[in-house]
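Novice: Can you keep this structure in mind? I'll have questions shortly.
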Amino acid sequence: MERYEILVINLGSSSTKVAYYINDTCMVKANLAHLSEELKQYDSIWKQADMRMDAIEKFLDENGIDKGKLAAVVSRGGHTRPLTGGTYLINQVMLEESASEVYGNHACDLGLVLASRLARYGARPMTANTPVTDEFEPLARYSGLPEIERRSSFHALNHKGAARHYAKETGRDYGSLNLIVVHMGGGISVAAHKRGKMVDANNGLAGDGPFSTNRSGGLPVGSLISECFSGKYTQKQMMRRVNGEGGMLAYVGESDTLTVERRAESGDESCAMVLDAMAYQVSKEIGACAAVLAGQVDAVILTGGMAHSERLTGFIEERVGFIAPIVRYPGEYEMQSLAENAYEVLCKKQPLLIMEQGGEHV
């Protein structure tokens, strides 16, 4: 059996997750926190490159990991033109599109740069199931206005990871299953997985669907337009209201689910209601995805940090348990999913895809 050493990196706004795998088994991992005082000195994500690279190389050195023996460095992907799901080589085309910020910008965009830097030791730099993964069917793209197309923008990596984990756990092929996967974290996204493709989903990163801990989700359109033109807010302020200051935070002044749940259990009716309302909206979105799949659903998978909540998951199961069995995978599968995709490429079980210059969709 071939032995492949793989480094996984996953950049967040204030942390860098790293993990060292041999084949698809994690040997050591760490969550490298970056203090707010340290981050304040940088006025953009891109200027954090050296600081983050130093932290990663320190992790490697402290754990005796030989950079020259790494077969792959795989990072959570950044923002480029829409991509079909799969594992991609981080090449110059991808780096340039990500750096342009035309398609969005997040710490994970810097991850592409760091993986590429680490490749100088001989590893292949890769990314998999990026945030711009787009496998929507044509009908899913209609919004109601020709100039506004519904687009795929959600937690694709964790969706694919949880779905593939379920398939493996049950001894089935992901490509043969119809699943509804619900990611419940800072944002909430619900997607219909139709025989290995994520054919429809709410915009869980900055748009419609259920409200979450600090995002408003879909809002009544007329009222939203009135707020936008009320003169009380700039465009930037309105964007912040719906993504960062909305959702549960706007109702009860708190975005930590466990804190709100404890307050609800102590008799705070406003906290109890907002938790139930959030689960209610998730249940409605699951029902919508069941319609997309014509009622042929093998399982409903609940994942993400909020899947730890017995109250939320219990509420959801009461309302949608009739659709299909409810499976809970609390937490996230991003690191494992990145490692497994890289390993499958190295084993030639899946192709390594290449972004070419130009074109609207890969």
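Residue numbers start at 1 in each chain; chains themselves are named A, B, ... in the order of the structure tokens; ligands are numbered from 1 in the order shown.
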List every residue of range 123-355 of chain A that DSSP, applied to the backbone, labels as helix (DSSP H, G or I), and write the result as a PyMOL selection string.

Specialist: chain A and resi 138-141+156-169+174-176+221-228+235-242+247-252+257-265+269-292+305-308+310-320+334-346

Novice: Can you spit out the residues from that selection as a CSV table (one decimal), in the first residue's frame, using C-alpha atoms?

Specialist:
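Wrote it out as result_28.csv, contents follow:
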chain,number,residue,atom,x,y,z
A,138,PRO,CA,-31.3,24.9,-14.6
A,139,LEU,CA,-34.6,25.3,-12.8
A,140,ALA,CA,-32.8,26.2,-9.5
A,141,ARG,CA,-31.3,29.3,-11.1
A,156,ALA,CA,-20.1,23.1,-0.1
A,157,LEU,CA,-17.1,21.5,1.5
A,158,ASN,CA,-18.8,20.5,4.7
A,159,HIS,CA,-21.9,19.4,2.8
A,160,LYS,CA,-19.9,17.1,0.6
A,161,GLY,CA,-17.9,15.8,3.5
A,162,ALA,CA,-20.9,14.9,5.6
A,163,ALA,CA,-22.7,13.4,2.7
A,164,ARG,CA,-19.7,11.2,1.7
A,165,HIS,CA,-19.3,10.2,5.4
A,166,TYR,CA,-22.9,9.0,5.5
A,167,ALA,CA,-22.4,7.1,2.3
A,168,LYS,CA,-19.3,5.4,3.7
A,169,GLU,CA,-20.9,4.7,7.0
A,174,TYR,CA,-22.7,8.9,-2.6
A,175,GLY,CA,-23.5,9.0,-6.3
A,176,SER,CA,-26.5,6.7,-5.8
A,221,VAL,CA,-38.8,41.7,0.0
A,222,GLY,CA,-41.1,44.7,0.2
A,223,SER,CA,-40.1,45.5,3.7
A,224,LEU,CA,-36.4,45.0,2.9
A,225,ILE,CA,-36.6,47.4,-0.1
A,226,SER,CA,-38.3,50.0,2.2
A,227,GLU,CA,-35.5,49.7,4.7
A,228,CYS,CA,-32.8,50.1,2.0
A,235,GLN,CA,-25.4,50.0,1.6
A,236,LYS,CA,-22.5,48.8,3.7
A,237,GLN,CA,-24.6,49.2,6.9
A,238,MET,CA,-27.5,47.3,5.4
A,239,MET,CA,-25.2,44.5,4.3
A,240,ARG,CA,-23.9,44.3,7.8
A,241,ARG,CA,-27.4,44.2,9.2
A,242,VAL,CA,-28.3,41.1,7.2
A,247,GLY,CA,-30.7,36.6,13.0
A,248,MET,CA,-30.6,35.5,16.6
A,249,LEU,CA,-28.2,38.2,17.5
A,250,ALA,CA,-30.7,40.9,16.4
A,251,TYR,CA,-33.5,39.3,18.5
A,252,VAL,CA,-31.8,38.5,21.8
A,257,THR,CA,-26.3,29.1,20.6
A,258,LEU,CA,-25.4,27.4,23.8
A,259,THR,CA,-25.8,30.6,25.8
A,260,VAL,CA,-29.2,31.3,24.2
A,261,GLU,CA,-30.2,27.7,24.9
A,262,ARG,CA,-29.2,28.0,28.6
A,263,ARG,CA,-31.2,31.2,28.8
A,264,ALA,CA,-34.2,29.5,27.3
A,265,GLU,CA,-34.0,26.6,29.7
A,269,GLU,CA,-39.2,33.1,26.6
A,270,SER,CA,-37.7,35.4,24.0
A,271,CYS,CA,-34.7,33.0,23.7
A,272,ALA,CA,-36.9,30.0,23.5
A,273,MET,CA,-39.0,31.5,20.8
A,274,VAL,CA,-36.0,32.6,18.6
A,275,LEU,CA,-34.5,29.1,18.8
A,276,ASP,CA,-37.7,27.5,17.9
A,277,ALA,CA,-38.2,30.0,15.0
A,278,MET,CA,-34.8,29.2,13.6
A,279,ALA,CA,-35.5,25.5,13.7
A,280,TYR,CA,-38.9,26.1,12.2
A,281,GLN,CA,-37.3,27.9,9.2
A,282,VAL,CA,-34.7,25.1,8.8
A,283,SER,CA,-37.6,22.6,8.7
A,284,LYS,CA,-39.4,24.6,6.0
A,285,GLU,CA,-36.2,24.6,3.9
A,286,ILE,CA,-35.8,20.9,4.3
A,287,GLY,CA,-39.3,20.4,3.1
A,288,ALA,CA,-38.5,22.6,0.0
A,289,CYS,CA,-35.5,20.4,-0.8
A,290,ALA,CA,-37.7,17.3,-0.4
A,291,ALA,CA,-39.9,18.7,-3.1
A,292,VAL,CA,-36.8,19.3,-5.3
A,305,GLY,CA,-21.8,23.4,15.3
A,306,MET,CA,-25.5,23.8,16.1
A,307,ALA,CA,-26.2,20.1,15.4
A,308,HIS,CA,-24.9,19.6,19.0
A,310,GLU,CA,-30.8,18.7,21.4
A,311,ARG,CA,-33.4,21.4,21.3
A,312,LEU,CA,-32.8,22.5,17.7
A,313,THR,CA,-32.4,19.0,16.3
A,314,GLY,CA,-35.3,17.6,18.3
A,315,PHE,CA,-37.6,20.4,16.9
A,316,ILE,CA,-36.4,19.7,13.4
A,317,GLU,CA,-36.9,15.9,13.7
A,318,GLU,CA,-40.4,16.4,15.0
A,319,ARG,CA,-41.4,18.3,11.9
A,320,VAL,CA,-39.5,16.6,9.1
A,334,GLU,CA,-14.0,20.1,6.3
A,335,MET,CA,-10.5,19.0,7.3
A,336,GLN,CA,-11.3,15.3,6.9
A,337,SER,CA,-13.0,16.0,3.6
A,338,LEU,CA,-10.0,17.9,2.2
A,339,ALA,CA,-7.6,15.1,3.2
A,340,GLU,CA,-9.8,12.4,1.7
A,341,ASN,CA,-10.2,14.2,-1.6
A,342,ALA,CA,-6.4,14.8,-1.8
A,343,TYR,CA,-5.8,11.1,-1.0
A,344,GLU,CA,-8.2,9.9,-3.6
A,345,VAL,CA,-6.4,12.0,-6.2
A,346,LEU,CA,-3.0,10.6,-5.2

Novice: If we count only C-alpha atoms, what is near Arg150 in chain A at a cut-off of 10 Å, once residues fewer than 6 positions away on the same chain are taken out, given as an NGL selection string?

Specialist: :A and (136 or 139-144 or 200-203 or 207-208)

Novice: Next, the residues of the selection above should be written as a PDB file, in the first residue's frame with N, CA and C atoms.

Specialist:
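out_8.pdb was written with the following content:
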ATOM      1  N   PHE A 136     -25.874  23.323  -9.655  1.00  0.00           N
ATOM      2  CA  PHE A 136     -27.312  23.572  -9.734  1.00  0.00           C
ATOM      3  C   PHE A 136     -27.892  23.073 -11.057  1.00  0.00           C
ATOM      4  N   LEU A 139     -33.487  24.747 -13.427  1.00  0.00           N
ATOM      5  CA  LEU A 139     -34.649  25.343 -12.780  1.00  0.00           C
ATOM      6  C   LEU A 139     -34.293  26.037 -11.468  1.00  0.00           C
ATOM      7  N   ALA A 140     -33.212  25.578 -10.833  1.00  0.00           N
ATOM      8  CA  ALA A 140     -32.815  26.157  -9.546  1.00  0.00           C
ATOM      9  C   ALA A 140     -32.256  27.558  -9.687  1.00  0.00           C
ATOM     10  N   ARG A 141     -31.927  27.965 -10.892  1.00  0.00           N
ATOM     11  CA  ARG A 141     -31.282  29.265 -11.103  1.00  0.00           C
ATOM     12  C   ARG A 141     -32.287  30.409 -11.255  1.00  0.00           C
ATOM     13  N   TYR A 142     -33.535  30.104 -11.496  1.00  0.00           N
ATOM     14  CA  TYR A 142     -34.544  31.159 -11.683  1.00  0.00           C
ATOM     15  C   TYR A 142     -34.852  31.832 -10.355  1.00  0.00           C
ATOM     16  N   SER A 143     -34.917  33.171 -10.396  1.00  0.00           N
ATOM     17  CA  SER A 143     -35.204  33.928  -9.182  1.00  0.00           C
ATOM     18  C   SER A 143     -36.570  34.594  -9.223  1.00  0.00           C
ATOM     19  N   GLY A 144     -37.015  34.948 -10.422  1.00  0.00           N
ATOM     20  CA  GLY A 144     -38.224  35.740 -10.574  1.00  0.00           C
ATOM     21  C   GLY A 144     -37.953  37.024 -11.321  1.00  0.00           C
ATOM     22  N   ASP A 200     -29.543  22.050  -5.694  1.00  0.00           N
ATOM     23  CA  ASP A 200     -30.241  23.261  -5.252  1.00  0.00           C
ATOM     24  C   ASP A 200     -29.881  23.510  -3.798  1.00  0.00           C
ATOM     25  N   ALA A 201     -29.842  24.786  -3.419  1.00  0.00           N
ATOM     26  CA  ALA A 201     -29.536  25.157  -2.035  1.00  0.00           C
ATOM     27  C   ALA A 201     -29.872  26.620  -1.833  1.00  0.00           C
ATOM     28  N   ASN A 202     -30.113  26.992  -0.589  1.00  0.00           N
ATOM     29  CA  ASN A 202     -30.232  28.421  -0.283  1.00  0.00           C
ATOM     30  C   ASN A 202     -28.836  29.023  -0.223  1.00  0.00           C
ATOM     31  N   ASN A 203     -28.744  30.321  -0.437  1.00  0.00           N
ATOM     32  CA  ASN A 203     -27.471  31.025  -0.361  1.00  0.00           C
ATOM     33  C   ASN A 203     -27.113  31.195   1.113  1.00  0.00           C
ATOM     34  N   GLY A 207     -27.195  35.273   1.912  1.00  0.00           N
ATOM     35  CA  GLY A 207     -28.459  35.509   1.222  1.00  0.00           C
ATOM     36  C   GLY A 207     -29.661  34.892   1.865  1.00  0.00           C
ATOM     37  N   ASP A 208     -30.367  34.077   1.103  1.00  0.00           N
ATOM     38  CA  ASP A 208     -31.700  33.621   1.498  1.00  0.00           C
ATOM     39  C   ASP A 208     -31.646  32.415   2.430  1.00  0.00           C
TER      40      ASP A 208
END

Novice: Which polymer residues have any atom within 8 Å of an atom of range 65-82 of chain A, counting only C-alpha atoms, with same-chain residues fewer than 4 positions away left out, as a PyMOL selection string?

Specialist: chain A and resi 4-11+60-61+94+97-98+101-106+108-112+115+118-119+121-134+157+334+338-339+342+346+360-362

Novice: Please report, as a PyMOL selection string, each residue of range 9-103 of chain A to which DSSP assigns strand (DSSP E) when run on this structure's backbone.

Specialist: chain A and resi 9-11+15-22+25-33+70-75+87-89

Novice: Store the residues picked out above in a file with N, CA, C and O atoms, as a compact mmCIF listing (two decimals), in the first residue's frame.

Specialist:
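Contents of out_30.txt, as written:
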# COMPACT_ATOMS: atom_id res chain seq x y z
N ILE A 9 -4.74 22.57 5.35
CA ILE A 9 -4.83 23.88 5.99
C ILE A 9 -6.20 24.49 5.71
O ILE A 9 -6.78 24.30 4.64
N ASN A 10 -6.72 25.17 6.70
CA ASN A 10 -8.07 25.75 6.62
C ASN A 10 -8.06 27.07 7.37
O ASN A 10 -8.03 27.10 8.60
N LEU A 11 -8.03 28.16 6.62
CA LEU A 11 -7.91 29.48 7.23
C LEU A 11 -9.28 30.09 7.54
O LEU A 11 -10.15 30.14 6.68
N SER A 15 -8.13 32.29 12.89
CA SER A 15 -7.41 31.06 13.21
C SER A 15 -6.96 30.37 11.94
O SER A 15 -7.48 30.63 10.84
N THR A 16 -5.97 29.50 12.09
CA THR A 16 -5.51 28.66 11.00
C THR A 16 -5.54 27.21 11.49
O THR A 16 -4.79 26.85 12.39
N LYS A 17 -6.43 26.42 10.93
CA LYS A 17 -6.48 25.01 11.28
C LYS A 17 -5.49 24.26 10.39
O LYS A 17 -5.44 24.47 9.18
N VAL A 18 -4.71 23.38 11.02
CA VAL A 18 -3.75 22.58 10.28
C VAL A 18 -3.86 21.13 10.75
O VAL A 18 -4.15 20.86 11.91
N ALA A 19 -3.61 20.20 9.83
CA ALA A 19 -3.64 18.79 10.18
C ALA A 19 -2.69 18.03 9.26
O ALA A 19 -2.57 18.35 8.08
N TYR A 20 -2.04 17.05 9.83
CA TYR A 20 -1.11 16.19 9.09
C TYR A 20 -1.72 14.80 8.99
O TYR A 20 -2.08 14.19 10.01
N TYR A 21 -1.86 14.33 7.76
CA TYR A 21 -2.45 13.02 7.51
C TYR A 21 -1.43 12.09 6.86
O TYR A 21 -0.59 12.53 6.05
N ILE A 22 -1.51 10.84 7.21
CA ILE A 22 -0.88 9.79 6.42
C ILE A 22 -2.02 9.03 5.75
O ILE A 22 -2.89 8.47 6.44
N THR A 25 -5.74 9.11 7.25
CA THR A 25 -5.78 9.05 8.71
C THR A 25 -5.05 10.26 9.31
O THR A 25 -3.88 10.52 8.98
N CYS A 26 -5.73 10.99 10.17
CA CYS A 26 -5.13 12.16 10.80
C CYS A 26 -4.15 11.73 11.90
O CYS A 26 -4.52 10.97 12.80
N MET A 27 -2.93 12.21 11.82
CA MET A 27 -1.91 11.88 12.80
C MET A 27 -1.79 12.96 13.88
O MET A 27 -1.57 12.66 15.05
N VAL A 28 -1.92 14.22 13.47
CA VAL A 28 -1.84 15.32 14.43
C VAL A 28 -2.53 16.53 13.82
O VAL A 28 -2.50 16.73 12.60
N LYS A 29 -3.17 17.33 14.66
CA LYS A 29 -3.86 18.52 14.17
C LYS A 29 -3.79 19.61 15.22
O LYS A 29 -3.51 19.34 16.40
N ALA A 30 -4.03 20.83 14.79
CA ALA A 30 -4.01 21.97 15.72
C ALA A 30 -4.86 23.09 15.15
O ALA A 30 -5.02 23.22 13.94
N ASN A 31 -5.39 23.89 16.06
CA ASN A 31 -6.11 25.11 15.69
C ASN A 31 -5.26 26.28 16.17
O ASN A 31 -5.21 26.57 17.37
N LEU A 32 -4.57 26.91 15.25
CA LEU A 32 -3.63 27.97 15.59
C LEU A 32 -4.38 29.30 15.66
O LEU A 32 -4.75 29.87 14.64
N ALA A 33 -4.62 29.78 16.87
CA ALA A 33 -5.37 31.02 17.06
C ALA A 33 -4.48 32.22 16.84
O ALA A 33 -3.30 32.22 17.19
N LEU A 70 6.05 15.66 1.93
CA LEU A 70 4.62 15.87 1.70
C LEU A 70 4.29 15.61 0.24
O LEU A 70 4.92 16.15 -0.67
N ALA A 71 3.27 14.79 0.02
CA ALA A 71 2.81 14.51 -1.34
C ALA A 71 1.82 15.56 -1.81
O ALA A 71 1.70 15.83 -3.01
N ALA A 72 1.07 16.13 -0.86
CA ALA A 72 0.07 17.14 -1.22
C ALA A 72 -0.12 18.10 -0.06
O ALA A 72 0.00 17.73 1.11
N VAL A 73 -0.39 19.34 -0.41
CA VAL A 73 -0.86 20.35 0.55
C VAL A 73 -2.23 20.79 0.03
O VAL A 73 -2.34 21.30 -1.08
N VAL A 74 -3.26 20.56 0.83
CA VAL A 74 -4.62 20.85 0.38
C VAL A 74 -5.24 21.89 1.30
O VAL A 74 -5.19 21.77 2.52
N SER A 75 -5.79 22.93 0.70
CA SER A 75 -6.37 24.03 1.46
C SER A 75 -7.85 24.18 1.13
O SER A 75 -8.28 23.89 0.01
N THR A 87 -11.78 17.99 -6.95
CA THR A 87 -10.49 18.42 -6.42
C THR A 87 -9.69 19.08 -7.53
O THR A 87 -9.56 18.53 -8.62
N TYR A 88 -9.17 20.26 -7.24
CA TYR A 88 -8.49 21.08 -8.25
C TYR A 88 -7.04 21.35 -7.86
O TYR A 88 -6.71 21.52 -6.68
N LEU A 89 -6.19 21.39 -8.88
CA LEU A 89 -4.84 21.88 -8.70
C LEU A 89 -4.90 23.39 -8.47
O LEU A 89 -5.62 24.11 -9.17

Novice: Out of A:Met355, A:Leu177, A:Leu145, A:Leu205, which residue has the shortest atom-to-atom distance to Val300 in chain A when counting only C-alpha atoms?

Specialist: A:Leu177

Novice: Pick out the closest residue to Glu332 in chain A from this set: A:Val199, A:Met184, A:Thr84, A:Ser216. Count only C-alpha atoms.

Specialist: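 Of A:Val199, A:Met184, A:Thr84, A:Ser216, the one nearest Glu332 in chain A is A:Met184, counting only C-alpha atoms.
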